[in-house]
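*Asks:* Structure below; questions to follow.
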Amino acid sequence: MHPPDTLLAMPGPQSSQAPFGILLTAMITPFAADGSVDLDGAGELARHLVDTLGHDGLVINGTTGESATKTDAEDLAVLKAVIDAVGDRATIVAGVGTNDTAHSVTSARAAASVGAHGVMAVSPYYNRPPQEGLVRHFHAIADATDLPMLTYDIPKRTGVAIDTDTLCRIAEHPRIVANKDAKGDLDSAQWGMATSGLAWYSGDDILNLPLLALGAAGMISVVGHLVGDRLKAMALALAAGDVTTARAINAELLPVYTGMFRTQGVILTKAALNAQGLPAGPVRLPLVDATAEQIHQLHMDLAAGKVSGFTS
């Protein structure tokens, strides 16, 4: 399948093989101490990720962006703040997926109206739709705008996996160009890459290198908030045939992959960013901020992974 013409106008190193770039991070939403959205902080963090850590793109209002506890107005304001901050230097993808197709369609149109470069939609959660429902859901969202789109397959959160045959049907839509894979199933990933025609993005940090080695185009990361430059170096080394370097970087990052997910990833990502003096703030209920013990363990994990600013 061929990417839509929209890709030609997107910033960064896009191609039909990596239509959103190689390295994207699913960005947190910074909150002020009172729990309100910190729009200045969102712009500052986006600039740090793009200009300091070398991200090709950012996914805004996804799981890590606490979209489940933000209003539509907050989502749109954060998206616009990030586009204003870095939208000429990075691909900005808006998370628009909900468990309500009509709501997702409205969110996709709103994202397009403020200049998003692409949209990403998770499988509907809670409803547990049949496979036919997944096809119709994703096609309806893709029909709503002219933007390129990623599907997001994460059954541990949604309760339903996208079957490979279903993904092939979904991929028949000309604007659905990629899949974010957080299924944790390398058998399924290989079949999906071989048969769907979609660009593949790792959505599970511990599997970044294995999925890249199997043919994934890139990563949509959480640990990229801290080590995006090293993730990109790993991907570029592998692409250049330097497997030894790619393996060495991956091995060095293992404590980071594990440490950042000892509890819910947003909680520890915000704890790490707060420790670095970057905009993050608290999480929103029903999430709770990291405990002192969790923060201590996180610092040890990040120090073991040689993350700047952390010591054991």
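By order in the structure tokens, chains are A, B, ...; within a chain, residues start at 1; ligands start at 1, following the order shown.
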Identify, on the basis of only C-alpha atoms, every residue whose closest approach to Leu253 of chain A does not exceed 10 Å; exclude the query and any residue fewer than 5 positions from it along the same chain; express the result as a list in words.

*Replies:*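 The neighbour list is Asp205, Ile206, Val223, Val227, Arg230, Leu231, Arg247, Ala248, Thr258, Gly259, Asp301, Leu302, Ala304, Gly305, Lys306 and Val307 of chain A.
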
*Asks:* Need the shell around Leu287 of chain A: protein/DNA/RNA residues with any atom at most 9 Å away, counting only C-alpha atoms. Skip same-chain ones fewer than 4 positions apart. Format as a PyMOL selection string?

*Replies:* chain A and resi 264+266-267+283

*Asks:* Could you write out that same residue set with C-alpha atoms as a PDB file, in the first residue's frame?

*Replies:*
```
ATOM      1  CA  GLN A 264       2.336   1.987  36.038  1.00  0.00           C
ATOM      2  CA  VAL A 266       3.168   7.169  33.713  1.00  0.00           C
ATOM      3  CA  ILE A 267       3.775   7.218  37.457  1.00  0.00           C
ATOM      4  CA  VAL A 283      -0.566  12.173  38.037  1.00  0.00           C
TER       5      VAL A 283
END
```

*Asks:* From a backbone DSSP assignment, name each residue in segment 77-294 of chain A labelled helix (DSSP H, G or I), as a ChimeraX atom specification.

*Replies:* /A:77-86,101-113,131-144,155-158,164-170,186-195,205-214,224-239,243-259,265-276,292-294

*Asks:* Using C-alpha atoms, can you export the residues from the last selection as an mmCIF file, in the first residue's frame?

*Replies:*
```
data_model
loop_
_atom_site.group_PDB
_atom_site.id
_atom_site.type_symbol
_atom_site.label_atom_id
_atom_site.label_comp_id
_atom_site.auth_asym_id
_atom_site.auth_seq_id
_atom_site.Cartn_x
_atom_site.Cartn_y
_atom_site.Cartn_z
ATOM 1 C CA ALA A 77 -5.069 22.471 24.215
ATOM 2 C CA VAL A 78 -2.090 20.191 24.940
ATOM 3 C CA LEU A 79 -1.931 19.083 21.314
ATOM 4 C CA LYS A 80 -1.940 22.668 20.084
ATOM 5 C CA ALA A 81 0.747 23.682 22.602
ATOM 6 C CA VAL A 82 3.048 20.898 21.376
ATOM 7 C CA ILE A 83 2.396 21.665 17.703
ATOM 8 C CA ASP A 84 3.185 25.321 18.352
ATOM 9 C CA ALA A 85 6.401 24.325 20.160
ATOM 10 C CA VAL A 86 7.891 21.729 17.797
ATOM 11 C CA THR A 101 -16.411 5.354 17.625
ATOM 12 C CA ALA A 102 -18.382 8.593 17.272
ATOM 13 C CA HIS A 103 -16.293 10.226 20.024
ATOM 14 C CA SER A 104 -13.076 9.072 18.335
ATOM 15 C CA VAL A 105 -14.227 10.496 14.997
ATOM 16 C CA THR A 106 -14.907 13.861 16.639
ATOM 17 C CA SER A 107 -11.492 13.806 18.327
ATOM 18 C CA ALA A 108 -9.749 12.992 15.047
ATOM 19 C CA ARG A 109 -11.420 15.913 13.298
ATOM 20 C CA ALA A 110 -10.483 18.234 16.153
ATOM 21 C CA ALA A 111 -6.844 17.070 16.005
ATOM 22 C CA ALA A 112 -6.738 17.724 12.266
ATOM 23 C CA SER A 113 -8.202 21.189 12.765
ATOM 24 C CA GLN A 131 -13.292 -8.334 14.977
ATOM 25 C CA GLU A 132 -15.827 -6.881 12.523
ATOM 26 C CA GLY A 133 -16.435 -4.062 14.987
ATOM 27 C CA LEU A 134 -12.700 -3.313 15.061
ATOM 28 C CA VAL A 135 -12.564 -3.022 11.277
ATOM 29 C CA ARG A 136 -15.515 -0.651 11.146
ATOM 30 C CA HIS A 137 -14.243 1.384 14.111
ATOM 31 C CA PHE A 138 -10.801 2.023 12.635
ATOM 32 C CA HIS A 139 -12.150 2.681 9.145
ATOM 33 C CA ALA A 140 -14.623 5.231 10.509
ATOM 34 C CA ILE A 141 -11.819 7.140 12.217
ATOM 35 C CA ALA A 142 -9.640 7.007 9.114
ATOM 36 C CA ASP A 143 -12.565 8.293 7.034
ATOM 37 C CA ALA A 144 -12.918 11.315 9.321
ATOM 38 C CA PRO A 155 -4.905 -6.170 24.415
ATOM 39 C CA LYS A 156 -3.676 -6.142 28.014
ATOM 40 C CA ARG A 157 -5.371 -2.746 28.324
ATOM 41 C CA THR A 158 -8.265 -3.092 25.893
ATOM 42 C CA THR A 164 -3.755 -10.675 11.970
ATOM 43 C CA ASP A 165 -6.475 -11.301 9.399
ATOM 44 C CA THR A 166 -8.430 -8.386 10.834
ATOM 45 C CA LEU A 167 -5.386 -6.147 10.684
ATOM 46 C CA CYS A 168 -4.997 -6.988 6.999
ATOM 47 C CA ARG A 169 -8.585 -5.906 6.422
ATOM 48 C CA ILE A 170 -8.055 -2.716 8.426
ATOM 49 C CA LEU A 186 6.468 -11.956 18.509
ATOM 50 C CA ASP A 187 4.693 -14.689 16.533
ATOM 51 C CA SER A 188 1.784 -12.349 15.818
ATOM 52 C CA ALA A 189 4.141 -9.444 15.090
ATOM 53 C CA GLN A 190 6.015 -11.390 12.432
ATOM 54 C CA TRP A 191 2.822 -12.430 10.690
ATOM 55 C CA GLY A 192 1.468 -8.893 10.868
ATOM 56 C CA MET A 193 4.592 -7.404 9.349
ATOM 57 C CA ALA A 194 4.675 -10.057 6.645
ATOM 58 C CA THR A 195 1.043 -9.820 5.574
ATOM 59 C CA ASP A 205 10.077 -0.894 25.183
ATOM 60 C CA ILE A 206 11.542 -4.210 26.325
ATOM 61 C CA LEU A 207 10.871 -5.540 22.793
ATOM 62 C CA ASN A 208 12.251 -2.565 20.875
ATOM 63 C CA LEU A 209 15.346 -4.334 19.569
ATOM 64 C CA PRO A 210 13.651 -7.682 18.803
ATOM 65 C CA LEU A 211 10.891 -5.950 16.835
ATOM 66 C CA LEU A 212 13.380 -3.749 14.981
ATOM 67 C CA ALA A 213 15.383 -6.854 14.098
ATOM 68 C CA LEU A 214 12.216 -8.468 12.722
ATOM 69 C CA GLY A 224 12.343 7.648 25.319
ATOM 70 C CA HIS A 225 11.522 10.467 27.726
ATOM 71 C CA LEU A 226 14.910 9.718 29.308
ATOM 72 C CA VAL A 227 16.989 7.792 26.755
ATOM 73 C CA GLY A 228 15.555 8.718 23.372
ATOM 74 C CA ASP A 229 18.977 9.550 21.970
ATOM 75 C CA ARG A 230 20.266 6.071 22.834
ATOM 76 C CA LEU A 231 17.182 4.338 21.429
ATOM 77 C CA LYS A 232 17.656 6.151 18.157
ATOM 78 C CA ALA A 233 21.350 5.278 18.105
ATOM 79 C CA MET A 234 20.413 1.631 18.647
ATOM 80 C CA ALA A 235 17.945 1.671 15.753
ATOM 81 C CA LEU A 236 20.391 3.401 13.418
ATOM 82 C CA ALA A 237 23.178 0.990 14.344
ATOM 83 C CA LEU A 238 20.969 -1.985 13.559
ATOM 84 C CA ALA A 239 19.863 -0.451 10.275
ATOM 85 C CA VAL A 243 24.394 -5.594 15.322
ATOM 86 C CA THR A 244 27.089 -5.623 18.007
ATOM 87 C CA THR A 245 26.552 -1.948 18.840
ATOM 88 C CA ALA A 246 22.764 -2.303 18.770
ATOM 89 C CA ARG A 247 22.943 -5.244 21.171
ATOM 90 C CA ALA A 248 25.306 -3.382 23.484
ATOM 91 C CA ILE A 249 23.009 -0.356 23.694
ATOM 92 C CA ASN A 250 20.010 -2.580 24.309
ATOM 93 C CA ALA A 251 21.786 -4.489 27.080
ATOM 94 C CA GLU A 252 22.807 -1.238 28.740
ATOM 95 C CA LEU A 253 19.177 -0.081 28.677
ATOM 96 C CA LEU A 254 17.679 -3.224 30.240
ATOM 97 C CA PRO A 255 17.574 -1.721 33.771
ATOM 98 C CA VAL A 256 15.745 1.293 32.339
ATOM 99 C CA TYR A 257 13.195 -0.846 30.499
ATOM 100 C CA THR A 258 12.500 -2.846 33.640
ATOM 101 C CA GLY A 259 12.765 -0.041 36.152
ATOM 102 C CA GLY A 265 4.590 3.655 33.474
ATOM 103 C CA VAL A 266 3.168 7.169 33.713
ATOM 104 C CA ILE A 267 3.775 7.218 37.457
ATOM 105 C CA LEU A 268 7.487 6.465 37.193
ATOM 106 C CA THR A 269 8.027 8.541 34.062
ATOM 107 C CA LYS A 270 6.706 11.594 35.868
ATOM 108 C CA ALA A 271 8.823 10.747 38.919
ATOM 109 C CA ALA A 272 11.938 10.544 36.751
ATOM 110 C CA LEU A 273 11.193 13.775 34.891
ATOM 111 C CA ASN A 274 10.446 15.597 38.136
ATOM 112 C CA ALA A 275 13.832 14.417 39.452
ATOM 113 C CA GLN A 276 15.490 15.856 36.348
ATOM 114 C CA ALA A 292 9.445 7.300 48.380
ATOM 115 C CA GLU A 293 10.396 3.620 48.162
ATOM 116 C CA GLN A 294 9.412 3.451 44.477
#
```

*Asks:* Give me the residues near Ala33 of chain A as a list in words, where near means some atom within 8 Å (using only C-alpha atoms) and where sequence neighbours in that chain fewer than 3 positions away do not count.

*Replies:*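 Returned residues: Ser36, Gly281 and Pro282 of chain A.
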
*Asks:* Work out how far atom CA of Pro19 of chain A is from atom CA of Ala178 of chain A, in Å to one decimal.

*Replies:*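 Spanning atom CA of Ala178 of chain A to atom CA of Pro19 of chain A is a straight-line distance of 7.7 Å.
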
*Asks:* Where does DSSP see strand (DSSP E or B) in segment 37-131 of chain A, if you list the residues as a PyMOL selection string?

*Replies:* chain A and resi 37+57-60+91-95+118-122

*Asks:* Any idea what's packed within 12 Å of Phe31 of chain A, counting only C-alpha atoms, ignoring anything in its chain fewer than 4 positions away? Could you give it as a list of chain:residue names?

*Replies:*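 In the requested format, the answer is A:Gly35, A:Ser36, A:Val37, A:Asp38, A:Leu39, A:Asp40, A:Gly41, A:Ala42, A:Leu45, A:Gly65, A:Glu66, A:Thr69, A:Lys70, A:Glu74, A:Val78, A:Lys270, A:Asn274, A:Leu278, A:Pro279, A:Ala280, A:Gly281, A:Pro282, A:Val283, A:Arg284.
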
*Asks:* Between A:Gly203, A:Gly54, A:Gly115, A:Gly87, which is the closest to Asp181 of chain A once you count only C-alpha atoms?

*Replies:*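 Smallest separation from Asp181 of chain A among the options: A:Gly203.
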
*Asks:* Leaving out Val122 of chain A and any residue of its chain fewer than 6 positions from it, which residues lie within 10 Å of it when counting only C-alpha atoms, given as a list in words?

*Replies:*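 Residues near the query, excluding close chain neighbours: Gly62, Thr63, Gly95, Val96, Gly97, Thr98, Asn99, Ser104, Leu134, Phe138, Leu150, Thr151, Tyr152, Asp153, Ile154, Pro155, Arg157, Thr158, Asn179 and Lys180 of chain A.
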